[in-house]
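A.B. asks: Below is the file protein.cif, which contains mmCIF, C-alpha atoms.
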```
data_upload
#
loop_
_atom_site.label_atom_id
_atom_site.label_comp_id
_atom_site.auth_asym_id
_atom_site.auth_seq_id
_atom_site.Cartn_x
_atom_site.Cartn_y
_atom_site.Cartn_z
CA MET A 1 0.00 0.00 0.00
CA LYS A 2 2.91 2.37 0.68
CA PHE A 3 4.18 1.83 -2.89
CA LEU A 4 0.69 2.41 -4.31
CA SER A 5 0.32 5.61 -2.29
CA PHE A 6 3.70 6.76 -3.58
CA LEU A 7 2.61 6.19 -7.18
CA ILE A 8 -0.64 8.07 -6.67
CA LEU A 9 1.22 10.99 -5.09
CA VAL A 10 3.87 11.17 -7.81
CA PHE A 11 1.65 10.77 -10.84
CA SER A 12 -1.15 13.03 -9.63
CA SER A 13 1.32 15.89 -9.47
CA PRO A 14 1.51 18.52 -12.24
CA ILE A 15 4.69 16.87 -13.57
CA PHE A 16 2.64 14.14 -15.23
CA ALA A 17 0.93 15.32 -18.41
CA ILE A 18 -1.56 13.21 -20.34
CA PRO A 19 -0.81 13.49 -24.06
CA THR A 20 -3.11 15.51 -26.33
CA ILE A 21 -4.15 13.77 -29.56
CA GLN A 22 -4.32 15.54 -32.92
CA HIS A 23 -6.36 14.10 -35.80
CA TRP A 24 -6.74 14.72 -39.55
CA GLN A 25 -7.12 12.93 -42.90
CA THR A 26 -4.68 12.58 -45.77
CA ASP A 27 -5.67 13.68 -49.27
CA ASN A 28 -6.63 10.13 -50.27
CA GLY A 29 -8.74 9.38 -47.20
CA ALA A 30 -6.44 7.79 -44.61
CA GLU A 31 -7.05 8.78 -40.97
CA VAL A 32 -4.08 10.17 -39.03
CA TYR A 33 -3.63 10.45 -35.26
CA PHE A 34 -0.61 12.24 -33.81
CA VAL A 35 0.85 12.90 -30.36
CA PRO A 36 3.91 15.18 -30.13
CA ALA A 37 6.56 13.77 -27.77
CA PRO A 38 9.58 16.09 -27.94
CA ASP A 39 11.62 14.68 -25.05
CA LEU A 40 13.56 12.14 -27.14
CA PRO A 41 14.65 12.42 -30.83
CA MET A 42 12.60 9.34 -31.71
CA VAL A 43 9.35 8.62 -33.52
CA ASN A 44 7.04 5.60 -33.40
CA ILE A 45 4.74 5.04 -36.36
CA GLU A 46 2.02 2.47 -37.01
CA VAL A 47 0.15 2.03 -40.27
CA VAL A 48 -3.03 0.19 -39.33
CA PHE A 49 -5.45 -1.49 -41.73
CA ASP A 50 -8.88 -3.01 -41.15
CA ALA A 51 -7.39 -6.25 -42.43
CA GLY A 52 -7.29 -8.56 -39.43
CA SER A 53 -8.23 -12.21 -39.36
CA ALA A 54 -11.94 -11.33 -39.29
CA ARG A 55 -11.44 -10.56 -43.01
CA ASP A 56 -10.17 -14.06 -43.83
CA GLY A 57 -13.55 -15.21 -45.14
CA ASN A 58 -13.39 -18.94 -45.90
CA LYS A 59 -9.58 -18.88 -45.92
CA PRO A 60 -8.40 -18.78 -42.28
CA GLY A 61 -4.80 -17.63 -41.94
CA LEU A 62 -4.94 -15.39 -45.02
CA ALA A 63 -4.62 -12.07 -43.18
CA LYS A 64 -1.68 -13.25 -41.11
CA LEU A 65 0.19 -14.78 -44.04
CA THR A 66 -0.30 -11.63 -46.10
CA ASN A 67 0.96 -9.37 -43.32
CA SER A 68 3.94 -11.63 -42.61
CA LEU A 69 5.17 -11.33 -46.19
CA PHE A 70 5.66 -7.55 -46.28
CA THR A 71 9.23 -7.69 -44.96
CA GLU A 72 10.09 -10.72 -47.13
CA GLY A 73 10.61 -8.68 -50.28
CA ALA A 74 9.31 -5.51 -51.93
CA GLY A 75 10.12 -3.54 -55.08
CA GLY A 76 12.76 -6.11 -55.97
CA GLN A 77 14.51 -5.73 -52.60
CA SER A 78 15.15 -9.04 -50.83
CA ALA A 79 14.31 -9.73 -47.19
CA ASP A 80 18.02 -9.49 -46.33
CA LYS A 81 18.35 -6.14 -48.09
CA ILE A 82 15.28 -4.79 -46.31
CA ALA A 83 16.57 -5.90 -42.91
CA GLU A 84 20.03 -4.48 -43.66
CA HIS A 85 18.49 -1.18 -44.76
CA PHE A 86 16.65 -0.68 -41.47
CA ASP A 87 19.62 -1.90 -39.42
CA ASN A 88 21.93 0.61 -41.06
CA LEU A 89 19.50 3.38 -40.15
CA GLY A 90 19.14 2.20 -36.55
CA ALA A 91 15.43 1.72 -37.22
CA GLU A 92 13.09 -1.09 -36.16
CA ILE A 93 10.38 -2.51 -38.42
CA GLY A 94 7.55 -4.72 -37.20
CA ASN A 95 4.30 -6.30 -38.31
CA SER A 96 1.39 -7.98 -36.54
CA VAL A 97 -2.20 -9.16 -36.99
CA ASN A 98 -5.07 -9.66 -34.59
CA SER A 99 -8.76 -10.31 -35.24
CA ASP A 100 -9.49 -6.70 -36.26
CA MET A 101 -6.22 -5.02 -37.23
CA ALA A 102 -3.20 -5.58 -39.44
CA ILE A 103 -0.25 -3.36 -38.50
CA LEU A 104 3.12 -2.36 -39.92
CA SER A 105 5.21 -0.39 -37.45
CA LEU A 106 8.40 1.68 -37.56
CA ARG A 107 10.58 3.13 -34.82
CA SER A 108 13.26 5.54 -35.95
CA LEU A 109 15.43 8.46 -34.94
CA THR A 110 14.02 11.74 -36.22
CA GLU A 111 17.19 13.00 -37.94
CA THR A 112 16.22 13.62 -41.55
CA GLU A 113 19.02 11.53 -43.05
CA LEU A 114 17.81 8.54 -40.99
CA LEU A 115 14.04 9.00 -40.92
CA GLN A 116 13.46 9.76 -44.60
CA PRO A 117 15.05 6.59 -46.04
CA ALA A 118 13.28 4.53 -43.35
CA LEU A 119 9.94 6.04 -44.41
CA GLU A 120 10.70 5.42 -48.08
CA MET A 121 11.34 1.74 -47.40
CA LEU A 122 8.20 1.37 -45.31
CA ALA A 123 6.15 3.00 -48.08
CA LEU A 124 7.71 0.58 -50.57
CA LEU A 125 6.76 -2.41 -48.40
CA LEU A 126 3.15 -1.21 -48.27
CA LEU A 127 2.81 -0.36 -51.94
CA LYS A 128 4.91 -2.96 -53.76
CA PRO A 129 5.31 -6.19 -51.79
CA ASP A 130 6.76 -8.87 -54.06
CA PHE A 131 4.90 -11.88 -52.58
CA GLU A 132 7.61 -13.93 -54.29
CA GLU A 133 7.08 -17.70 -54.54
CA THR A 134 10.06 -18.81 -52.45
CA SER A 135 9.25 -16.39 -49.64
CA PHE A 136 5.57 -17.32 -49.79
CA LYS A 137 6.35 -21.03 -49.43
CA ARG A 138 8.81 -20.44 -46.59
CA VAL A 139 6.44 -18.29 -44.50
CA GLN A 140 3.54 -20.61 -45.26
CA GLN A 141 5.62 -23.54 -43.99
CA GLN A 142 6.55 -21.61 -40.86
CA MET A 143 2.88 -21.06 -40.11
CA LEU A 144 2.15 -24.76 -40.66
CA VAL A 145 4.95 -25.77 -38.27
CA SER A 146 3.55 -23.38 -35.66
CA LEU A 147 0.07 -24.86 -36.10
CA GLN A 148 1.46 -28.39 -35.69
CA TYR A 149 3.05 -27.33 -32.41
CA GLN A 150 -0.22 -25.76 -31.25
CA GLN A 151 -2.01 -29.06 -31.84
CA GLN A 152 0.15 -30.50 -29.04
CA SER A 153 -0.22 -27.52 -26.70
CA PRO A 154 -3.10 -27.81 -24.21
CA SER A 155 -3.33 -24.03 -23.81
CA ALA A 156 -3.59 -23.52 -27.60
CA ILE A 157 -6.13 -26.34 -27.92
CA THR A 158 -8.22 -24.78 -25.15
CA LYS A 159 -8.16 -21.35 -26.77
CA GLN A 160 -9.12 -22.67 -30.20
CA ALA A 161 -12.02 -24.70 -28.81
CA PHE A 162 -13.18 -21.77 -26.67
CA TYR A 163 -13.41 -19.34 -29.58
CA ARG A 164 -15.17 -21.87 -31.81
CA ALA A 165 -17.72 -22.54 -29.08
CA ILE A 166 -18.42 -18.86 -28.40
CA TYR A 167 -18.49 -17.57 -31.97
CA GLY A 168 -19.74 -20.49 -34.07
CA THR A 169 -19.80 -19.29 -37.70
CA HIS A 170 -18.82 -15.69 -36.88
CA PRO A 171 -15.45 -14.46 -38.27
CA TYR A 172 -14.08 -14.27 -34.71
CA ALA A 173 -14.42 -18.05 -34.32
CA THR A 174 -11.07 -18.76 -36.02
CA LEU A 175 -7.79 -17.47 -34.61
CA ALA A 176 -5.40 -15.43 -36.74
CA GLY A 177 -3.10 -18.38 -37.44
CA GLY A 178 -5.86 -20.31 -39.19
CA ASN A 179 -5.78 -24.09 -39.32
CA PRO A 180 -3.44 -26.53 -41.12
CA GLU A 181 -5.91 -27.33 -43.91
CA SER A 182 -6.73 -23.71 -44.73
CA VAL A 183 -3.14 -22.43 -44.53
CA ALA A 184 -1.85 -25.26 -46.72
CA ALA A 185 -4.47 -24.39 -49.36
CA LEU A 186 -3.56 -20.66 -49.58
CA THR A 187 -2.03 -19.40 -52.82
CA ARG A 188 -0.09 -16.35 -53.92
CA ASP A 189 -3.18 -15.22 -55.84
CA ASP A 190 -5.11 -15.25 -52.54
CA ILE A 191 -2.42 -13.05 -50.98
CA LYS A 192 -2.38 -10.60 -53.89
CA ALA A 193 -6.17 -10.29 -53.92
CA PHE A 194 -6.30 -9.72 -50.14
CA HIS A 195 -3.60 -7.04 -50.39
CA ALA A 196 -5.36 -5.29 -53.26
CA ARG A 197 -8.69 -5.24 -51.40
CA TYR A 198 -7.69 -4.26 -47.89
CA TYR A 199 -4.34 -2.44 -48.03
CA VAL A 200 -5.82 0.77 -49.43
CA ALA A 201 -5.92 4.34 -48.18
CA LYS A 202 -9.58 4.49 -47.14
CA ASN A 203 -9.06 1.31 -45.11
CA ALA A 204 -5.89 2.69 -43.48
CA MET A 205 -4.92 4.72 -40.46
CA VAL A 206 -1.54 6.20 -39.53
CA THR A 207 -0.61 6.82 -35.90
CA ILE A 208 2.48 8.83 -34.97
CA VAL A 209 4.08 9.52 -31.58
CA GLY A 210 7.40 11.33 -31.41
CA ALA A 211 9.56 14.42 -31.64
CA LEU A 212 7.92 15.91 -34.72
CA THR A 213 6.03 19.10 -35.44
CA ARG A 214 2.47 18.90 -36.76
CA LYS A 215 3.72 19.86 -40.22
CA SER A 216 6.40 17.14 -40.16
CA ALA A 217 3.85 14.58 -38.99
CA GLU A 218 1.57 15.53 -41.90
CA THR A 219 4.48 15.01 -44.28
CA VAL A 220 5.27 11.61 -42.76
CA ALA A 221 1.70 10.39 -43.07
CA GLN A 222 1.37 11.66 -46.62
CA ARG A 223 4.63 10.00 -47.65
CA LEU A 224 3.48 6.64 -46.33
CA VAL A 225 0.02 6.45 -47.90
CA ALA A 226 0.00 8.98 -50.76
CA GLN A 227 0.61 6.35 -53.43
CA LEU A 228 -1.78 3.76 -52.04
CA PRO A 229 -4.94 3.33 -54.12
CA SER A 230 -7.88 5.06 -52.47
CA GLY A 231 -10.00 1.88 -52.41
CA LYS A 232 -12.91 1.27 -50.06
CA THR A 233 -13.34 0.75 -46.36
CA ALA A 234 -13.91 -2.82 -45.19
CA PRO A 235 -17.57 -3.79 -44.76
CA ALA A 236 -19.17 -3.92 -41.32
CA LEU A 237 -18.72 -7.17 -39.44
CA PRO A 238 -21.86 -9.16 -38.60
CA PRO A 239 -23.18 -8.91 -35.04
CA VAL A 240 -22.26 -11.65 -32.58
CA ALA A 241 -25.12 -13.99 -31.68
CA SER A 242 -25.92 -14.52 -28.01
CA LEU A 243 -25.50 -17.98 -26.53
CA CYS A 244 -28.71 -19.92 -25.90
CA LYS A 245 -27.40 -22.19 -23.15
CA THR A 246 -24.27 -23.31 -21.36
CA LYS A 247 -21.79 -25.30 -23.47
CA ARG A 248 -19.50 -27.72 -21.63
CA ILE A 249 -16.58 -29.06 -23.69
CA HIS A 250 -13.83 -31.40 -22.51
CA ILE A 251 -10.91 -32.47 -24.69
CA ASP A 252 -8.70 -35.29 -23.44
CA HIS A 253 -4.99 -34.50 -23.36
CA PRO A 254 -2.13 -36.36 -21.64
CA SER A 255 -1.36 -33.72 -19.05
CA THR A 256 -1.47 -33.68 -15.26
CA GLN A 257 -3.41 -30.41 -15.25
CA ASN A 258 -6.61 -29.22 -16.87
CA HIS A 259 -6.45 -25.97 -18.80
CA VAL A 260 -9.73 -24.14 -18.28
CA LEU A 261 -11.42 -21.25 -20.07
CA ILE A 262 -14.86 -19.96 -19.11
CA GLY A 263 -16.71 -17.14 -20.83
CA GLN A 264 -19.21 -15.80 -23.32
CA PRO A 265 -19.57 -12.92 -25.81
CA GLY A 266 -18.78 -9.64 -24.06
CA ILE A 267 -18.70 -6.08 -25.39
CA ALA A 268 -17.60 -4.06 -28.41
CA ARG A 269 -15.18 -1.15 -28.22
CA GLY A 270 -16.97 2.04 -27.28
CA ASP A 271 -19.72 0.24 -25.36
CA PRO A 272 -21.34 2.58 -22.78
CA ASP A 273 -20.74 -0.04 -20.07
CA HIS A 274 -17.02 -0.32 -20.81
CA PHE A 275 -15.64 1.55 -17.80
CA THR A 276 -18.22 0.09 -15.43
CA LEU A 277 -17.34 -3.46 -16.50
CA TYR A 278 -13.63 -2.66 -16.48
CA VAL A 279 -13.68 -1.42 -12.89
CA GLY A 280 -15.98 -4.23 -11.77
CA ASN A 281 -13.83 -6.89 -13.39
CA TYR A 282 -10.74 -5.42 -11.73
CA ILE A 283 -12.38 -6.46 -8.48
CA LEU A 284 -13.71 -9.77 -9.80
CA GLY A 285 -10.63 -11.16 -11.54
CA GLY A 286 -8.51 -8.45 -13.12
CA SER A 287 -6.30 -7.34 -10.24
CA GLY A 288 -4.10 -10.38 -9.83
CA LEU A 289 -3.76 -11.98 -6.41
CA VAL A 290 -6.09 -9.50 -4.69
CA SER A 291 -9.12 -10.20 -6.91
CA GLN A 292 -12.16 -12.08 -5.62
CA LEU A 293 -11.48 -15.04 -7.91
CA ALA A 294 -7.89 -15.29 -6.68
CA GLU A 295 -9.05 -15.08 -3.08
CA GLU A 296 -11.58 -17.91 -3.46
CA VAL A 297 -9.71 -20.21 -5.85
CA ARG A 298 -6.06 -19.71 -4.89
CA GLU A 299 -5.83 -18.26 -1.40
CA LYS A 300 -8.64 -20.11 0.36
CA ARG A 301 -8.48 -23.45 -1.46
CA GLY A 302 -5.17 -23.68 -3.33
CA LEU A 303 -6.92 -24.94 -6.47
CA ALA A 304 -4.80 -22.94 -8.93
CA TYR A 305 -1.60 -20.93 -8.93
CA SER A 306 -3.28 -18.09 -10.80
CA ILE A 307 -6.73 -17.22 -12.09
CA TYR A 308 -7.93 -14.23 -14.04
CA SER A 309 -10.85 -12.68 -15.88
CA TYR A 310 -11.13 -9.86 -18.40
CA PHE A 311 -13.27 -8.32 -21.12
CA ALA A 312 -11.57 -8.13 -24.54
CA PRO A 313 -13.58 -5.55 -26.54
CA ARG A 314 -13.37 -5.70 -30.34
CA ARG A 315 -15.03 -4.15 -33.39
CA VAL A 316 -18.10 -6.16 -32.42
CA ALA A 317 -18.60 -8.08 -29.18
CA GLY A 318 -15.27 -9.50 -28.02
CA PRO A 319 -15.18 -12.21 -25.38
CA PHE A 320 -15.42 -12.16 -21.62
CA ILE A 321 -12.83 -14.71 -20.47
CA SER A 322 -11.87 -16.30 -17.17
CA GLY A 323 -9.03 -18.80 -17.10
CA LEU A 324 -7.01 -21.04 -14.82
CA GLU A 325 -5.00 -24.27 -14.70
CA THR A 326 -5.68 -26.87 -12.03
CA ARG A 327 -4.90 -30.50 -11.21
CA ASN A 328 -7.10 -32.98 -13.03
CA ASP A 329 -8.65 -34.27 -9.80
CA GLN A 330 -9.50 -30.70 -8.69
CA THR A 331 -11.14 -29.51 -11.90
CA ALA A 332 -14.76 -30.04 -10.87
CA GLU A 333 -14.23 -28.26 -7.56
CA ALA A 334 -12.39 -25.35 -9.20
CA LEU A 335 -15.17 -24.88 -11.76
CA GLN A 336 -17.78 -24.86 -9.03
CA VAL A 337 -15.87 -22.27 -7.01
CA VAL A 338 -15.48 -20.02 -10.07
CA GLN A 339 -19.19 -20.17 -10.85
CA ASP A 340 -20.11 -19.63 -7.19
CA THR A 341 -17.83 -16.57 -7.13
CA PHE A 342 -19.50 -15.22 -10.27
CA GLN A 343 -22.91 -15.73 -8.66
CA LYS A 344 -21.88 -14.04 -5.42
CA PHE A 345 -20.44 -11.10 -7.39
CA LEU A 346 -23.76 -10.63 -9.19
CA ASN A 347 -25.88 -10.91 -6.06
CA THR A 348 -23.78 -8.99 -3.53
CA LYS A 349 -23.40 -5.24 -3.60
CA LEU A 350 -19.75 -4.23 -3.31
CA SER A 351 -18.62 -2.12 -0.39
CA GLU A 352 -17.58 1.48 -1.00
CA GLU A 353 -14.15 0.66 0.45
CA THR A 354 -13.63 -2.16 -2.06
CA LEU A 355 -14.56 0.15 -4.93
CA LYS A 356 -12.30 2.91 -3.60
CA LYS A 357 -9.30 0.57 -3.50
CA ALA A 358 -10.02 -0.64 -7.03
CA LYS A 359 -10.18 2.91 -8.34
CA GLN A 360 -6.91 3.76 -6.61
CA GLY A 361 -5.27 0.71 -8.15
CA ILE A 362 -6.45 1.59 -11.66
CA THR A 363 -5.87 5.35 -11.64
CA GLY A 364 -2.64 5.08 -9.66
CA MET A 365 -1.10 2.76 -12.26
CA PHE A 366 -2.52 4.55 -15.31
CA PRO A 367 0.49 6.85 -15.78
CA LEU A 368 2.77 3.81 -16.00
CA ARG A 369 0.64 2.48 -18.85
CA ILE A 370 1.34 5.56 -20.97
CA LYS A 371 4.88 6.28 -19.81
CA SER A 372 6.61 5.62 -23.15
CA ASN A 373 6.01 6.39 -26.81
CA LYS A 374 5.46 2.67 -27.40
CA ASN A 375 2.73 2.60 -24.76
CA ILE A 376 1.07 5.73 -26.12
CA ILE A 377 1.02 4.58 -29.73
CA GLY A 378 -0.70 1.37 -28.68
CA TYR A 379 -3.50 3.43 -27.14
CA LEU A 380 -3.48 5.82 -30.10
CA SER A 381 -4.05 3.02 -32.61
CA VAL A 382 -6.92 1.62 -30.54
CA ILE A 383 -8.52 5.07 -30.13
CA GLY A 384 -8.30 5.79 -33.85
CA PHE A 385 -9.23 2.37 -35.17
CA TYR A 386 -12.32 2.05 -32.97
CA ARG A 387 -13.31 5.72 -33.25
CA LEU A 388 -13.11 6.30 -29.51
CA PRO A 389 -13.37 9.88 -28.23
CA ILE A 390 -10.30 11.95 -29.00
CA ASP A 391 -10.06 12.87 -25.30
CA TYR A 392 -10.16 9.20 -24.19
CA LEU A 393 -6.83 9.41 -22.36
CA GLN A 394 -7.63 12.74 -20.71
CA LYS A 395 -10.93 11.41 -19.37
CA PHE A 396 -9.77 7.88 -18.51
CA ASN A 397 -9.38 8.49 -14.78
CA ASP A 398 -12.55 10.61 -14.63
CA ASN A 399 -14.52 7.78 -16.25
CA VAL A 400 -13.09 5.34 -13.71
CA GLU A 401 -13.95 7.63 -10.80
CA ALA A 402 -17.54 8.02 -12.08
CA VAL A 403 -18.30 4.31 -11.61
CA THR A 404 -20.50 3.44 -8.62
CA VAL A 405 -21.21 0.17 -6.84
CA GLU A 406 -24.79 0.33 -8.14
CA MET A 407 -23.55 0.72 -11.72
CA ILE A 408 -21.29 -2.32 -11.38
CA GLN A 409 -23.96 -4.61 -10.00
CA GLU A 410 -26.54 -3.52 -12.56
CA ALA A 411 -24.16 -3.80 -15.54
CA PHE A 412 -22.85 -7.24 -14.55
CA GLN A 413 -26.37 -8.54 -13.98
CA ARG A 414 -27.24 -7.46 -17.52
CA ARG A 415 -24.02 -8.64 -19.14
CA LEU A 416 -22.87 -11.81 -17.35
CA HIS A 417 -25.29 -14.69 -17.98
CA LEU A 418 -24.34 -17.63 -15.79
CA ASP A 419 -26.81 -19.94 -17.55
CA LYS A 420 -25.11 -19.27 -20.90
CA LEU A 421 -21.41 -19.86 -20.30
CA VAL A 422 -18.91 -21.69 -22.49
CA ILE A 423 -16.73 -23.94 -20.31
CA VAL A 424 -13.76 -25.61 -22.01
CA THR A 425 -11.37 -27.96 -20.24
CA VAL A 426 -8.36 -29.67 -21.81
CA GLY A 427 -6.44 -32.27 -19.84
CA GLY A 428 -6.62 -35.69 -18.23
#
```
In C-alpha cells, write the structure found in this file.

C.D. replies:
Amino acid sequence: MKFLSFLILVFSSPIFAIPTIQHWQTDNGAEVYFVPAPDLPMVNIEVVFDAGSARDGNKPGLAKLTNSLFTEGAGGQSADKIAEHFDNLGAEIGNSVNSDMAILSLRSLTETELLQPALEMLALLLLKPDFEETSFKRVQQQMLVSLQYQQQSPSAITKQAFYRAIYGTHPYATLAGGNPESVAALTRDDIKAFHARYYVAKNAMVTIVGALTRKSAETVAQRLVAQLPSGKTAPALPPVASLCKTKRIHIDHPSTQNHVLIGQPGIARGDPDHFTLYVGNYILGGSGLVSQLAEEVREKRGLAYSIYSYFAPRRVAGPFISGLETRNDQTAEALQVVQDTFQKFLNTKLSEETLKKAKQGITGMFPLRIKSNKNIIGYLSVIGFYRLPIDYLQKFNDNVEAVTVEMIQEAFQRRLHLDKLVIVTVGG
C-alpha cells in the first residue's frame, strides 16, 4: 500500500501530463492520429489497416500470411536487403495481426538523413510487396509448423475450442493463425487479392508519436500512404449472436493439469458499459492476487496458482474470459468455485471501500501504462481504429472515478449470464 500511495502521489502531481491527440485525414482518405513527444529524438509510427483475421472469409490464416510477407521482399529488394536497410538506419520494423487489425510499425530516430530513407522503405513495403514464390512457401511452412506445435499444446487447444464454441460461424471463431488445412491451401493469388482489397488508403490509419512538429507529422503520413490506391473501407462485421445455453466441452490431453477457459460474448469497443465493467472486473478477476477469484480459488483453497478474468472488446462483441489451470482431480471443484464466485459477485453489492481501493489501483497505475512512446502509440491506434473519443486518455481516470457500486452490480447482472457460459477444459 505504501508503494501504491507513492505512485498516486507522484503521478497526480503537475509533472505528469496526459498526451493531447491531434487528428486529420490525408488527401486520399487515410485517418491520421498524432501525439507530439519532444523529449527524445525518436518517432514511433504504425500504419493500421482493417485487415485482421476477421477478413479471412473462408480462408483462415490469409490475413496473417499476407501481413507476414511484407518484410520478405518488396520492389525487388530481398528480405536481407530490407533488414540491412533498417539496421543501417538504426530503425526497427515490425508487423502484426489480430482479429481486427493488421499493422506495420516503424521506430526511428528523427534525424532527416535517418528517418526519410526509413519512411521510403516502409512506403515501398506497403505499396509494392513482391509476394515472391520462395518467400511465400517459406512463411507458409513456418505457419504450418507453428500450427502443428499448437495441436500439441493444451493451452492452444483450449483457446481454439473456446473461440469456436463462443463464436460459431462468426469471423471471430477462427484465430489469426488459421488451421493446417486452410493455410496449406492458400495461394499467392489469394495473398495478392487480399492485399489489393484491404491495403488501401480508405481502409488505413496512420498513428504517430514522437519528436515531430504537426507539419512534419503531416508530411510523414502523406509520404506513407499517398501512393496507395484510395479503395474502399472494409464492410461492417456481422453482429455476434448470443448464446442460448451453457456449453460444456472437454478435450482429453495427456497432461497432469486441466487448462480451463470460461466465458461468453462480451462487449464491443466504445460500449457505454465499458468503464463500469472494467472497474468491476478489476475487483472480480482483473487485479491479480487480490481479486475475488484469486481469493476464493487460490488463497482459500489452493486450487490454482493463478486465475484471471477480463473483457476483450473488439469491433463487435469481443469475449469475456476467465481462465485457470488446475490439477485434473481438482477440476470439478475449481469450476464450481469459479461459478459460485461469479454468482456471489452478481448478487452482492460491493462495499464502498472495495470500490475505492479498485479505483486507486487503476488510476494510480494509469500513468505507468502511458509512460513511453510505445505505450502511447498502442493506445493511439486503438482510439483511432475504434473511433473512440479523441479525449479518451484525458478522461480515462474521470470515467473510472464516475463508476458506482450500483452501476457495477446492474451492468454485470445485464451482461454476465451464468446460464449461458462456455466452459472448455483440456487435460486428463

A.B. asks: Considering only C-alpha atoms, can you say which of A:Leu243, A:Leu115, A:Val424, A:Leu350 comes closest to A:Leu324?

C.D. replies: A:Val424

A.B. asks: Which one is closest to A:Val316: A:Thr341, A:Gln330, A:Gln77, A:Ser99? Count only C-alpha atoms.

C.D. replies: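 That would be A:Ser99, the residue with the smallest distance to A:Val316.
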
A.B. asks: Given the file shown, enumerate the residues that the PyMOL selection byres ((chain A and resi 60) around 7) captures and present them as a tab-separated table (two decimals) with C-alpha atoms, in the frame of the given file.

C.D. replies:
```
chain	number	residue	atom	x	y	z
A	56	ASP	CA	-10.17	-14.06	-43.83
A	57	GLY	CA	-13.55	-15.21	-45.14
A	58	ASN	CA	-13.39	-18.94	-45.90
A	59	LYS	CA	-9.58	-18.88	-45.92
A	61	GLY	CA	-4.80	-17.63	-41.94
A	62	LEU	CA	-4.94	-15.39	-45.02
A	174	THR	CA	-11.07	-18.76	-36.02
A	178	GLY	CA	-5.86	-20.31	-39.19
A	179	ASN	CA	-5.78	-24.09	-39.32
A	182	SER	CA	-6.73	-23.71	-44.73
A	183	VAL	CA	-3.14	-22.43	-44.53
```

A.B. asks: One decimal, in Å: what's the spacing between atom CA of A:Lys81 and atom CA of A:Thr66?

C.D. replies: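 Going from atom CA of A:Lys81 over to atom CA of A:Thr66, I get 19.5 Å.
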
A.B. asks: Select all residues near (-12.8, -30.4, -11.2) (cut-off 12 Å, inclusive, file coordinates), counting only C-alpha atoms, and output them as a count of residues only.

C.D. replies: 29

A.B. asks: Looking at all atoms listed in the file, which of A:Val422, A:Leu126, A:Leu289, A:Leu69 is the one that sits closest to A:Met143?

C.D. replies: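 Once distances to A:Met143 are computed over all atoms listed in the file, the minimum belongs to A:Leu69.
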